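Text of data.tsv (TSV, C-alpha atoms) as supplied:
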chain	number	residue	atom	x	y	z
A	6	MET	CA	141.03	245.13	110.37
A	7	VAL	CA	140.21	242.92	107.39
A	8	PRO	CA	137.40	244.41	105.25
A	9	ASP	CA	136.46	241.25	103.34
A	10	PRO	CA	134.16	239.06	105.50
A	11	ARG	CA	135.55	235.79	104.11
A	12	ALA	CA	139.13	236.91	104.65
A	13	ARG	CA	138.21	238.04	108.16
A	14	ILE	CA	136.77	234.61	108.98
A	15	ALA	CA	139.88	232.93	107.59
A	16	VAL	CA	142.12	235.14	109.74
A	17	MET	CA	140.05	234.42	112.87
A	18	LEU	CA	140.13	230.66	112.21
A	19	ALA	CA	143.88	230.82	111.72
A	20	GLY	CA	144.22	232.74	114.95
A	21	LEU	CA	142.10	230.17	116.76
A	22	GLY	CA	144.22	227.32	115.39
A	23	VAL	CA	147.47	228.99	116.42
A	24	SER	CA	146.09	229.76	119.89
A	25	ILE	CA	144.95	226.17	120.44
A	26	TRP	CA	148.29	224.80	119.26
A	27	ILE	CA	150.29	227.14	121.50
A	28	ASN	CA	148.18	226.29	124.54
A	29	VAL	CA	148.26	222.53	123.92
A	30	VAL	CA	152.02	222.52	123.44
A	31	THR	CA	152.74	224.59	126.54
A	32	LEU	CA	150.35	222.90	128.94
A	33	PRO	CA	152.16	221.14	131.80
A	34	ALA	CA	152.55	217.35	131.76
A	35	ASP	CA	149.80	216.93	134.33
A	36	PRO	CA	147.45	219.91	133.81
A	37	GLY	CA	144.49	218.32	135.48
A	38	ILE	CA	140.94	218.50	134.16
A	39	VAL	CA	140.28	222.24	134.58
A	40	ALA	CA	142.76	223.61	132.04
A	41	PRO	CA	141.84	221.26	129.13
A	42	VAL	CA	138.12	221.83	129.73
A	43	ALA	CA	138.68	225.60	129.87
A	44	LEU	CA	140.67	225.39	126.63
A	45	ALA	CA	137.86	223.46	124.94
A	46	VAL	CA	135.24	225.97	126.20
A	47	ALA	CA	137.33	228.97	125.07
A	48	SER	CA	137.83	227.40	121.63
A	49	LEU	CA	134.09	226.71	121.23
A	50	ALA	CA	133.31	230.28	122.28
A	51	TRP	CA	135.78	231.59	119.70
A	52	LEU	CA	134.08	229.45	117.02
A	53	ALA	CA	130.69	230.80	118.10
A	54	LEU	CA	131.92	234.36	117.62
A	55	ILE	CA	133.31	233.47	114.21
A	56	ALA	CA	129.95	231.90	113.26
A	57	GLY	CA	128.31	235.28	113.74
A	58	THR	CA	126.56	235.16	117.07
A	59	ARG	CA	124.20	238.15	117.40
A	60	GLY	CA	122.54	240.18	120.09
A	61	GLY	CA	122.76	239.22	123.74
A	62	HIS	CA	124.42	235.92	122.89
A	63	VAL	CA	127.57	237.82	121.96
A	64	ALA	CA	127.84	239.10	125.52
A	65	VAL	CA	127.44	235.61	126.97
A	66	VAL	CA	129.94	234.03	124.56
A	67	ALA	CA	132.50	236.82	125.09
A	68	ALA	CA	132.19	236.53	128.88
A	69	VAL	CA	132.60	232.75	128.74
A	70	MET	CA	135.64	233.01	126.47
A	71	CYS	CA	137.21	235.70	128.65
A	72	ALA	CA	136.69	233.62	131.82
A	73	ALA	CA	137.94	230.41	130.20
A	74	GLY	CA	141.15	232.09	129.06
A	75	ALA	CA	141.69	233.46	132.57
A	76	VAL	CA	141.20	229.99	134.03
A	77	ILE	CA	143.79	228.55	131.62
A	78	ALA	CA	146.17	231.31	132.69
A	79	VAL	CA	146.32	229.80	136.17
A	80	THR	CA	148.55	227.02	134.79
A	81	ASP	CA	149.63	228.53	131.44
A	82	THR	CA	149.93	232.23	130.61
A	83	ASN	CA	149.20	231.52	126.95
A	84	GLY	CA	145.56	231.12	127.91
A	85	LEU	CA	145.41	234.91	128.22
A	86	ILE	CA	145.25	234.98	124.40
A	87	PHE	CA	141.57	234.01	124.71
A	88	THR	CA	140.99	236.63	127.41
A	89	GLY	CA	142.51	239.40	125.30
A	90	VAL	CA	140.61	238.38	122.15
A	91	ALA	CA	137.33	238.15	124.07
A	92	ALA	CA	137.83	241.61	125.62
A	93	SER	CA	138.65	243.05	122.21
A	94	MET	CA	135.54	241.54	120.62
A	95	ALA	CA	133.39	242.83	123.48
A	96	ALA	CA	134.78	246.34	123.00
A	97	VAL	CA	133.95	246.15	119.28
A	98	ALA	CA	130.41	244.87	119.82
A	99	PHE	CA	129.34	246.97	122.82
A	100	ASP	CA	129.78	250.42	124.31
A	101	PRO	CA	132.79	250.97	126.62
A	102	VAL	CA	130.88	250.46	129.89
A	103	ALA	CA	129.32	247.16	128.82
A	104	ALA	CA	132.63	245.95	127.38
A	105	LEU	CA	134.41	246.82	130.64
A	106	VAL	CA	131.84	244.87	132.67
A	107	LEU	CA	132.23	241.84	130.41
A	108	SER	CA	136.03	242.02	130.62
A	109	THR	CA	136.02	241.99	134.42
A	110	VAL	CA	134.74	238.41	134.20
A	111	GLY	CA	138.28	237.35	133.27
A	112	PRO	CA	140.08	238.66	136.38
A	113	VAL	CA	137.24	237.43	138.62
A	114	ALA	CA	137.37	233.93	137.09
A	115	HIS	CA	141.15	233.92	137.43
A	116	CYS	CA	140.93	234.76	141.13
A	117	LEU	CA	138.41	231.98	141.75
A	118	ALA	CA	140.49	229.46	139.80
A	119	ALA	CA	143.83	230.51	141.35
A	120	ILE	CA	142.79	230.05	145.00
A	121	PRO	CA	143.14	226.23	145.02
A	122	HIS	CA	146.46	226.31	143.09
A	123	GLY	CA	148.72	228.53	145.18
A	124	PRO	CA	149.26	231.95	146.69
A	125	PHE	CA	146.56	234.45	145.82
A	126	PRO	CA	146.30	236.38	143.48
A	127	GLY	CA	148.68	234.52	141.16
A	128	ARG	CA	148.72	236.06	137.64
A	129	LEU	CA	145.82	238.45	138.36
A	130	LEU	CA	147.81	241.52	137.32
A	131	ALA	CA	148.77	239.94	133.99
A	132	THR	CA	145.16	238.87	133.41
A	133	ALA	CA	143.86	242.38	134.11
A	134	ALA	CA	146.55	243.93	131.91
A	135	VAL	CA	145.71	241.63	128.97
A	136	ALA	CA	141.97	242.30	129.38
A	137	LEU	CA	142.65	246.06	129.45
A	138	ALA	CA	144.86	245.83	126.37
A	139	GLY	CA	142.09	243.92	124.58
A	140	LEU	CA	139.58	246.60	125.58
A	141	VAL	CA	141.80	249.36	124.22
A	142	ALA	CA	142.40	247.54	120.94
A	143	GLY	CA	138.71	246.74	120.52
A	144	ALA	CA	137.64	250.30	121.37
A	145	SER	CA	140.07	251.62	118.77
A	146	ARG	CA	138.67	249.28	116.14
A	147	ARG	CA	135.10	250.22	117.12
A	148	GLU	CA	135.96	253.91	116.71
A	149	ILE	CA	137.49	253.23	113.29
A	150	ASP	CA	134.40	251.27	112.23
A	151	GLN	CA	132.05	253.98	113.45
A	152	ARG	CA	134.09	256.65	111.74
A	153	ALA	CA	134.01	254.67	108.50
A	154	ARG	CA	130.25	254.21	108.80
A	155	ARG	CA	129.76	257.91	109.46
A	156	SER	CA	131.90	258.77	106.47
A	157	THR	CA	129.87	256.38	104.34
A	158	LEU	CA	126.60	257.87	105.59
A	159	VAL	CA	127.84	261.40	104.95
A	160	ALA	CA	128.98	260.45	101.46
A	161	THR	CA	125.65	258.74	100.80
A	162	GLU	CA	123.67	261.74	102.01
A	163	ARG	CA	125.84	264.07	99.98
A	164	ARG	CA	125.25	261.94	96.91
A	165	ARG	CA	121.52	261.93	97.57
A	166	THR	CA	121.57	265.69	97.96
A	167	GLU	CA	123.46	266.08	94.69
A	168	LEU	CA	121.00	263.79	92.92
A	169	ALA	CA	118.04	265.68	94.39
A	170	ARG	CA	119.58	268.98	93.31
A	171	ALA	CA	120.21	267.63	89.82
A	172	GLU	CA	116.63	266.35	89.60
A	173	ALA	CA	115.32	269.71	90.79
A	174	GLU	CA	117.44	271.54	88.22
A	175	LEU	CA	116.24	269.15	85.52
A	176	ALA	CA	112.62	269.65	86.56
A	177	GLY	CA	113.13	273.41	86.59
A	178	GLU	CA	114.66	273.30	83.12
A	179	ARG	CA	111.76	271.20	81.86
A	180	ASN	CA	109.28	273.65	83.34
A	181	ARG	CA	111.19	276.50	81.77
A	182	LEU	CA	111.18	274.85	78.35
A	183	GLY	CA	107.49	274.06	78.69
A	184	ARG	CA	106.66	277.61	79.75
A	185	GLU	CA	108.56	279.17	76.85
A	186	LEU	CA	107.03	276.76	74.36
A	187	HIS	CA	103.57	277.45	75.74
A	188	ASP	CA	104.02	281.21	75.64
A	189	VAL	CA	105.24	281.20	72.05
A	190	LEU	CA	102.55	278.84	70.79
A	191	ALA	CA	99.73	280.38	72.82
A	192	HIS	CA	100.53	283.90	71.68
A	193	THR	CA	101.14	283.11	68.02
A	194	LEU	CA	98.55	280.40	67.42
A	195	GLY	CA	95.90	282.19	69.46
A	196	ALA	CA	96.37	285.40	67.50
A	197	LEU	CA	96.53	283.48	64.21
A	198	SER	CA	93.31	281.65	65.04
A	199	ILE	CA	91.52	284.96	65.59
A	200	GLN	CA	93.00	286.33	62.41
A	201	LEU	CA	91.85	283.31	60.38
A	202	THR	CA	88.38	283.70	61.84
A	203	ALA	CA	88.34	287.31	60.70
A	204	ILE	CA	89.48	286.30	57.21
A	205	ASP	CA	86.80	283.60	57.08
A	206	THR	CA	84.15	286.12	58.11
A	207	LEU	CA	85.25	288.59	55.43
A	208	ALA	CA	85.28	285.88	52.77
A	209	ARG	CA	81.78	284.67	53.68
A	210	ASN	CA	80.44	288.24	53.56
A	211	ASN	CA	81.99	288.88	50.14
A	212	ALA	CA	84.22	291.64	51.52
A	213	PRO	CA	86.35	293.65	49.10
A	214	ARG	CA	89.52	291.97	47.89
A	215	GLU	CA	91.68	294.69	49.42
A	216	LYS	CA	90.39	293.91	52.93
A	217	LEU	CA	91.05	290.22	52.47
A	218	ILE	CA	94.59	290.94	51.30
A	219	THR	CA	95.14	293.23	54.28
A	220	GLN	CA	93.99	290.58	56.73
A	221	ILE	CA	96.10	287.91	55.04
A	222	GLU	CA	99.14	290.17	55.28
A	223	LEU	CA	98.41	290.64	58.98
A	224	GLY	CA	98.28	286.87	59.32
A	225	HIS	CA	101.70	286.60	57.67
A	226	GLU	CA	102.99	289.25	60.05
A	227	LEU	CA	101.70	287.27	63.03
A	228	VAL	CA	103.46	284.13	61.77
A	229	SER	CA	106.67	286.08	61.25
A	230	THR	CA	106.39	287.54	64.75
A	231	GLY	CA	105.82	284.07	66.20
A	232	LEU	CA	108.91	282.74	64.46
A	233	ASP	CA	110.95	285.65	65.81
A	234	GLU	CA	109.66	284.93	69.31
A	235	ALA	CA	110.56	281.26	68.95
A	236	ARG	CA	114.08	282.20	67.84
A	237	GLN	CA	114.36	284.61	70.74
A	238	ALA	CA	113.27	281.89	73.21
A	239	VAL	CA	115.80	279.45	71.77
A	240	ARG	CA	118.57	282.06	72.02
A	241	ALA	CA	117.65	282.78	75.63
A	242	LEU	CA	117.59	279.08	76.50
A	243	ARG	CA	121.05	278.79	74.98
A	244	GLY	CA	122.25	281.74	77.03
A	245	GLU	CA	122.61	284.03	74.00
A	246	SER	CA	121.59	287.67	74.12
A	247	ALA	CA	118.67	288.75	71.95
A	248	PRO	CA	118.06	292.15	70.30
A	249	LEU	CA	115.56	293.35	72.90
A	250	ALA	CA	115.08	296.89	71.58
A	251	ALA	CA	114.04	295.77	68.10
A	252	GLN	CA	111.78	293.08	69.56
A	253	LEU	CA	110.06	295.57	71.85
A	254	GLU	CA	109.56	298.08	69.03
A	255	ARG	CA	107.92	295.42	66.88
A	256	LEU	CA	105.83	294.16	69.79
A	257	CYS	CA	104.55	297.64	70.68
A	258	GLU	CA	103.85	298.35	67.02
A	259	LEU	CA	101.79	295.17	66.79
A	260	HIS	CA	99.76	296.19	69.86
A	261	GLN	CA	99.63	299.85	68.81
A	262	ALA	CA	101.32	300.89	72.04
A	263	GLU	CA	103.80	303.67	72.76
A	264	LEU	CA	107.34	302.59	73.70
A	265	GLU	CA	109.76	304.66	75.75
A	266	LEU	CA	113.32	303.64	76.54
A	267	ASP	CA	114.73	305.67	79.43
A	268	GLY	CA	118.36	305.70	80.47
A	269	GLY	CA	121.46	304.31	78.84
A	270	TRP	CA	120.78	301.01	77.12
A	271	GLN	CA	122.65	298.13	78.70
A	272	GLU	CA	123.31	294.61	77.52
A	273	LEU	CA	121.34	292.20	79.70
A	274	GLU	CA	121.66	288.51	80.41
A	275	ALA	CA	119.67	286.24	78.13
A	276	ASP	CA	117.28	285.19	80.90
A	277	THR	CA	116.65	288.80	81.93
A	278	THR	CA	116.05	289.80	78.33
A	279	LEU	CA	113.50	287.05	77.84
A	280	THR	CA	111.79	287.89	81.13
A	281	LEU	CA	111.45	291.54	80.13
A	282	TYR	CA	110.05	290.63	76.74
A	283	ARG	CA	107.51	288.15	78.13
A	284	LEU	CA	106.50	290.60	80.85
A	285	ILE	CA	105.83	293.43	78.42
A	286	GLN	CA	104.14	291.06	75.97
A	287	GLU	CA	101.73	289.74	78.59
A	288	ALA	CA	101.07	293.19	80.04
A	289	LEU	CA	100.30	294.66	76.59
A	290	THR	CA	98.06	291.73	75.74
A	291	ASN	CA	96.14	292.12	79.00
A	292	ALA	CA	95.81	295.85	78.43
A	293	VAL	CA	94.32	295.57	74.94
A	294	LYS	CA	92.23	292.56	75.97
A	295	HIS	CA	90.61	294.11	79.04
A	296	ALA	CA	90.64	297.74	77.91
A	297	PRO	CA	90.39	297.76	74.09
A	298	GLY	CA	90.59	301.13	72.43
A	299	THR	CA	92.54	302.79	75.23
A	300	ARG	CA	95.97	304.37	74.95
A	301	VAL	CA	98.61	301.85	75.97
A	302	SER	CA	102.20	302.72	76.79
A	303	ALA	CA	105.29	300.78	77.78
A	304	ARG	CA	108.34	302.28	79.45
A	305	VAL	CA	111.68	300.55	80.07
A	306	GLY	CA	114.11	302.36	82.35
A	307	PHE	CA	117.73	301.37	82.90
A	308	GLY	CA	118.98	302.35	86.34
A	309	PRO	CA	122.38	301.86	87.96
A	310	ARG	CA	121.45	298.51	89.51
A	311	ASP	CA	118.26	297.31	87.90
A	312	VAL	CA	115.88	297.74	85.01
A	313	THR	CA	112.30	298.87	85.56
A	314	VAL	CA	109.28	298.22	83.39
A	315	GLN	CA	105.99	300.11	83.37
A	316	VAL	CA	103.11	299.06	81.15
A	317	GLY	CA	99.80	300.84	81.55
A	318	ASN	CA	96.62	301.87	79.83
A	319	THR	CA	94.21	304.76	80.26
A	320	ARG	CA	90.66	304.43	81.49
A	321	PRO	CA	88.44	302.48	79.05
A	322	ALA	CA	85.78	304.51	77.29
A	323	PRO	CA	82.28	303.30	78.29
A	324	GLY	CA	79.55	302.60	75.76
A	325	PRO	CA	78.72	300.18	72.98
A	326	ASP	CA	81.20	301.82	70.60
A	327	THR	CA	84.16	300.32	72.41
A	328	PRO	CA	86.34	298.59	69.81
A	329	PRO	CA	86.58	294.81	69.92
A	330	ALA	CA	89.54	292.99	71.39
A	331	PRO	CA	92.69	293.05	69.26
A	332	ARG	CA	94.21	290.20	67.33
A	333	ALA	CA	96.96	289.28	69.79
A	334	SER	CA	96.53	286.83	72.65
A	335	GLY	CA	98.80	286.30	75.64
A	336	GLY	CA	100.12	283.23	77.32
A	337	GLY	CA	97.02	282.77	79.43
A	338	PHE	CA	98.65	283.06	82.87
A	339	GLY	CA	97.96	286.77	83.45
A	340	LEU	CA	99.66	288.47	86.36
A	341	ARG	CA	100.40	285.18	88.04
A	342	GLY	CA	102.64	284.09	85.20
A	343	MET	CA	104.30	287.50	85.05
A	344	ARG	CA	104.94	287.49	88.79
A	345	GLU	CA	106.50	284.02	88.64
A	346	ARG	CA	108.86	285.12	85.89
A	347	VAL	CA	109.87	288.29	87.73
A	348	GLU	CA	110.42	286.44	91.01
A	349	GLN	CA	112.61	283.87	89.26
A	350	ALA	CA	114.70	286.81	88.05
A	351	CYS	CA	114.96	287.98	91.72
A	352	GLY	CA	112.80	291.04	91.07
A	353	ASP	CA	109.44	292.30	92.25
A	354	LEU	CA	106.19	293.20	90.52
A	355	GLN	CA	103.24	295.45	91.37
A	356	ALA	CA	99.98	295.76	89.49
A	357	GLY	CA	96.79	297.68	90.10
A	358	PRO	CA	94.50	300.52	89.05
A	359	THR	CA	95.79	304.06	88.55
A	360	PRO	CA	94.18	307.23	89.94
A	361	ASP	CA	92.77	308.11	86.51
A	362	GLY	CA	90.92	304.79	86.25
A	363	GLY	CA	93.45	302.94	84.14
A	364	TRP	CA	95.68	300.00	84.97
A	365	GLN	CA	99.44	299.77	85.36
A	366	VAL	CA	101.96	296.97	85.78
A	367	THR	CA	105.33	297.90	87.30
A	368	ALA	CA	108.28	295.54	87.67
A	369	ARG	CA	111.88	295.84	88.80
A	370	ILE	CA	114.52	293.30	87.80
A	371	PRO	CA	118.17	293.47	88.94
A	372	TYR	CA	120.93	293.19	86.39
A	373	ARG	CA	122.64	290.33	88.21
A	374	GLN	CA	121.15	287.35	90.02
A	375	ALA	CA	120.89	287.86	93.76
A	376	ASN	CA	119.03	286.46	96.71
A	377	PRO	CA	115.37	287.34	96.44
A	378	GLY	CA	114.37	290.24	98.64
A	379	ASN	CA	110.97	291.54	99.55
A	380	ARG	CA	108.60	290.87	96.73
A	381	SER	CA	105.38	292.73	96.33
A	382	ASP	CA	102.26	290.76	95.75
A	383	GLY	CA	99.67	291.73	93.24
A	384	SER	CA	96.32	290.37	92.25
A	385	ASP	CA	95.42	288.61	89.03
A	386	ARG	CA	93.21	290.43	86.69
What is this structure when it is put down as structure tokens?
Amino acid sequence: MVPDPRARIAVMLAGLGVSIWINVVTLPADPGIVAPVALAVASLAWLALIAGTRGGHVAVVAAVMCAAGAVIAVTDTNGLIFTGVAASMAAVAFDPVAALVLSTVGPVAHCLAAIPHGPFPGRLLATAAVALAGLVAGASRREIDQRARRSTLVATERRRTELARAEAELAGERNRLGRELHDVLAHTLGALSIQLTAIDTLARNNAPREKLITQIELGHELVSTGLDEARQAVRALRGESAPLAAQLERLCELHQAELELDGGWQELEADTTLTLYRLIQEALTNAVKHAPGTRVSARVGFGPRDVTVQVGNTRPAPGPDTPPAPRASGGGFGLRGMRERVEQACGDLQAGPTPDGGWQVTARIPYRQANPGNRSDGSDR
């Protein structure tokens, strides 16, 4: 099997030339008109196959070539070269049943041509054997071609799958970078904007200098916190562990929330650390935003297989004396964003009111990545 089309054509032309030469040289001195005409027809059919005959014409040309070679074989056995080549080409182009039907044209034509020339059936057995050998050779080549095509298709599909997976991973990484950037900027810039508004209000109302200084210091603290969060996000994206305990203490202090660490502290993966921090940050922000003035608490428990987080607030006090919303602002995605983060960490999240009228967010995140199990749905606040 010659893979290059031009080389294949050259080989087939060379084979045709050799076959014609052999048959011309070995023809008897007085072959009559049938053998030369059959040789010319077989040669033209071979040229037609080389030229790239398609569709149903291939069947006609192969049958003609097979029959012409069988007719030549009545006077010269070298004519069976055409019969064998035609049977082989039919087996390559068609399924086994169709190729077998086309190849039977050779023995039938040989029988019809042999009757006037001597005892029947003449070289029928040799003609059938050559046609069968051509069928076997062609079927083998067809199987090799089909196997090569299947291998190519499998390799192509595998490559497409790998490219699709790489694109999905790239898209996921872009979404992750965008989410972290949004959370850092939304939290820091949102809180800083509120803080600047408060400073502007104090300045316009000629507030005491001490209050202005206090608010400016709070603004500096917000900027410092935002920078720490940005560094933490960069460390997590690089796969580096971040000091979660110190970050949580500072975060709870900023939101005036109680922090409880239960169980033996364990080093977590960078992604898990960032997920825990963002979860508690968003939960605290929601608590002080929707229930200002209430007691807010955050608890982180380290179990044998997973880490649990509980962030809740007490029932808001009714009346006009409820304090205004605090300075901090969350990422803006609420429980939906928290749930997405927890699910990506193969955990589950629950959120809802407590019996005493407060609100609590509970999440469980395994230490190692695993197949996601049953995940509890919550509702956005």
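You can rank A:Leu52, A:Leu264, A:Ala160, A:Ile218 by their closest distance to A:Ala19 using only C-alpha atoms, and at the top of that list sits A:Leu52.
Computed from the coordinates, the atom CA of A:Ile120 to atom CA of A:Ala136 distance equals 19.9 Å.
Close contacts of A:Gln200, defined as residues with an atom at most 7 Å away when counting only C-alpha atoms, with chain neighbours fewer than 3 positions off set aside, comprise A:Ala196, A:Leu197, A:Ala203, A:Ile204, A:Gly224, A:Arg332.
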Might you pull out every residue within 10 Å of A:Ser93, with only C-alpha atoms counted and same-chain residues fewer than 5 positions away left off, and present them as a count of residues only? 20
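Atom CA of A:Thr280 is positioned 7.6 Å from atom CA of A:Ala350.
In this structure, atom CA of A:Arg11 sits 10.6 Å away from atom CA of A:Ile55.
If you count all atoms listed in the file and ignore residues fewer than 2 places along the chain from A:Leu54, what sits within 10 Å of it is Ile14, Met17, Ser48, Leu49, Ala50, Trp51, Leu52, Ala56, Gly57, Thr58, Arg59, His62, Val63, Val66, Ala67, Met70, Ala91 and Met94 of chain A.
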Can you tell me, as an MDAnalysis selection string, which residues sit within 12 Å of (102.4, 304.6, 76.9) in the file's frame, using only C-alpha atoms? chainID A and resid 257:258 260:266 285 288:289 292 299:305 314:319 363:366
Hey, which of A:Thr278, A:Thr166, A:Thr109, A:Asn211 ends up closest to A:Ala72? Count only C-alpha atoms. A:Thr109
So which residues touch A:Gly268 within 7 Å, counting all atoms listed in the file, skipping near sequence neighbours fewer than 2 positions away, as a JSON list (two decimals) with C-alpha atoms, in the coordinates of the input?
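The resulting file, around.json, is reproduced below:
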[["chain", "number", "residue", "atom", "x", "y", "z"],
["A", 266, "LEU", "CA", 113.32, 303.64, 76.54],
["A", 270, "TRP", "CA", 120.78, 301.01, 77.12],
["A", 306, "GLY", "CA", 114.11, 302.36, 82.35],
["A", 307, "PHE", "CA", 117.73, 301.37, 82.90],
["A", 308, "GLY", "CA", 118.98, 302.35, 86.34]]
Will you model all heavy atoms for stretch 87-94 of chain A and pass it back as a PDB file, keeping the file's coordinate frame?
ATOM      1  N   PHE A  87     143.021 234.058 124.810  1.00  0.00           N
ATOM      2  CA  PHE A  87     141.570 234.010 124.710  1.00  0.00           C
ATOM      3  C   PHE A  87     140.937 235.186 125.466  1.00  0.00           C
ATOM      4  O   PHE A  87     139.952 235.783 125.018  1.00  0.00           O
ATOM      5  CB  PHE A  87     141.036 232.685 125.238  1.00  0.00           C
ATOM      6  CG  PHE A  87     141.452 231.504 124.419  1.00  0.00           C
ATOM      7  CD1 PHE A  87     142.578 230.757 124.756  1.00  0.00           C
ATOM      8  CD2 PHE A  87     140.740 231.141 123.288  1.00  0.00           C
ATOM      9  CE1 PHE A  87     142.972 229.668 124.004  1.00  0.00           C
ATOM     10  CE2 PHE A  87     141.112 230.035 122.529  1.00  0.00           C
ATOM     11  CZ  PHE A  87     142.235 229.308 122.883  1.00  0.00           C
ATOM     12  N   THR A  88     141.519 235.500 126.635  1.00  0.00           N
ATOM     13  CA  THR A  88     140.990 236.630 127.410  1.00  0.00           C
ATOM     14  C   THR A  88     141.135 237.939 126.647  1.00  0.00           C
ATOM     15  O   THR A  88     140.203 238.754 126.585  1.00  0.00           O
ATOM     16  CB  THR A  88     141.719 236.720 128.766  1.00  0.00           C
ATOM     17  OG1 THR A  88     141.538 235.513 129.492  1.00  0.00           O
ATOM     18  CG2 THR A  88     141.201 237.887 129.586  1.00  0.00           C
ATOM     19  N   GLY A  89     142.294 238.166 126.058  1.00  0.00           N
ATOM     20  CA  GLY A  89     142.510 239.400 125.300  1.00  0.00           C
ATOM     21  C   GLY A  89     141.614 239.503 124.072  1.00  0.00           C
ATOM     22  O   GLY A  89     141.045 240.558 123.780  1.00  0.00           O
ATOM     23  N   VAL A  90     141.471 238.379 123.346  1.00  0.00           N
ATOM     24  CA  VAL A  90     140.610 238.380 122.150  1.00  0.00           C
ATOM     25  C   VAL A  90     139.161 238.618 122.538  1.00  0.00           C
ATOM     26  O   VAL A  90     138.431 239.374 121.879  1.00  0.00           O
ATOM     27  CB  VAL A  90     140.776 237.067 121.371  1.00  0.00           C
ATOM     28  CG1 VAL A  90     139.741 236.975 120.252  1.00  0.00           C
ATOM     29  CG2 VAL A  90     142.179 236.960 120.803  1.00  0.00           C
ATOM     30  N   ALA A  91     138.714 237.981 123.629  1.00  0.00           N
ATOM     31  CA  ALA A  91     137.330 238.150 124.070  1.00  0.00           C
ATOM     32  C   ALA A  91     137.063 239.600 124.482  1.00  0.00           C
ATOM     33  O   ALA A  91     136.017 240.181 124.153  1.00  0.00           O
ATOM     34  CB  ALA A  91     137.031 237.216 125.234  1.00  0.00           C
ATOM     35  N   ALA A  92     138.004 240.209 125.220  1.00  0.00           N
ATOM     36  CA  ALA A  92     137.830 241.610 125.620  1.00  0.00           C
ATOM     37  C   ALA A  92     137.797 242.525 124.402  1.00  0.00           C
ATOM     38  O   ALA A  92     137.010 243.485 124.336  1.00  0.00           O
ATOM     39  CB  ALA A  92     138.956 242.022 126.566  1.00  0.00           C
ATOM     40  N   SER A  93     138.637 242.232 123.428  1.00  0.00           N
ATOM     41  CA  SER A  93     138.650 243.050 122.210  1.00  0.00           C
ATOM     42  C   SER A  93     137.332 242.946 121.452  1.00  0.00           C
ATOM     43  O   SER A  93     136.778 243.949 121.006  1.00  0.00           O
ATOM     44  CB  SER A  93     139.813 242.605 121.322  1.00  0.00           C
ATOM     45  OG  SER A  93     139.809 243.309 120.100  1.00  0.00           O
ATOM     46  N   MET A  94     136.814 241.715 121.319  1.00  0.00           N
ATOM     47  CA  MET A  94     135.540 241.540 120.620  1.00  0.00           C
ATOM     48  C   MET A  94     134.390 242.200 121.376  1.00  0.00           C
ATOM     49  O   MET A  94     133.460 242.749 120.774  1.00  0.00           O
ATOM     50  CB  MET A  94     135.264 240.050 120.418  1.00  0.00           C
ATOM     51  CG  MET A  94     136.204 239.384 119.424  1.00  0.00           C
ATOM     52  SD  MET A  94     135.781 237.651 119.111  1.00  0.00           S
ATOM     53  CE  MET A  94     136.950 237.249 117.823  1.00  0.00           C
TER      54      MET A  94
END
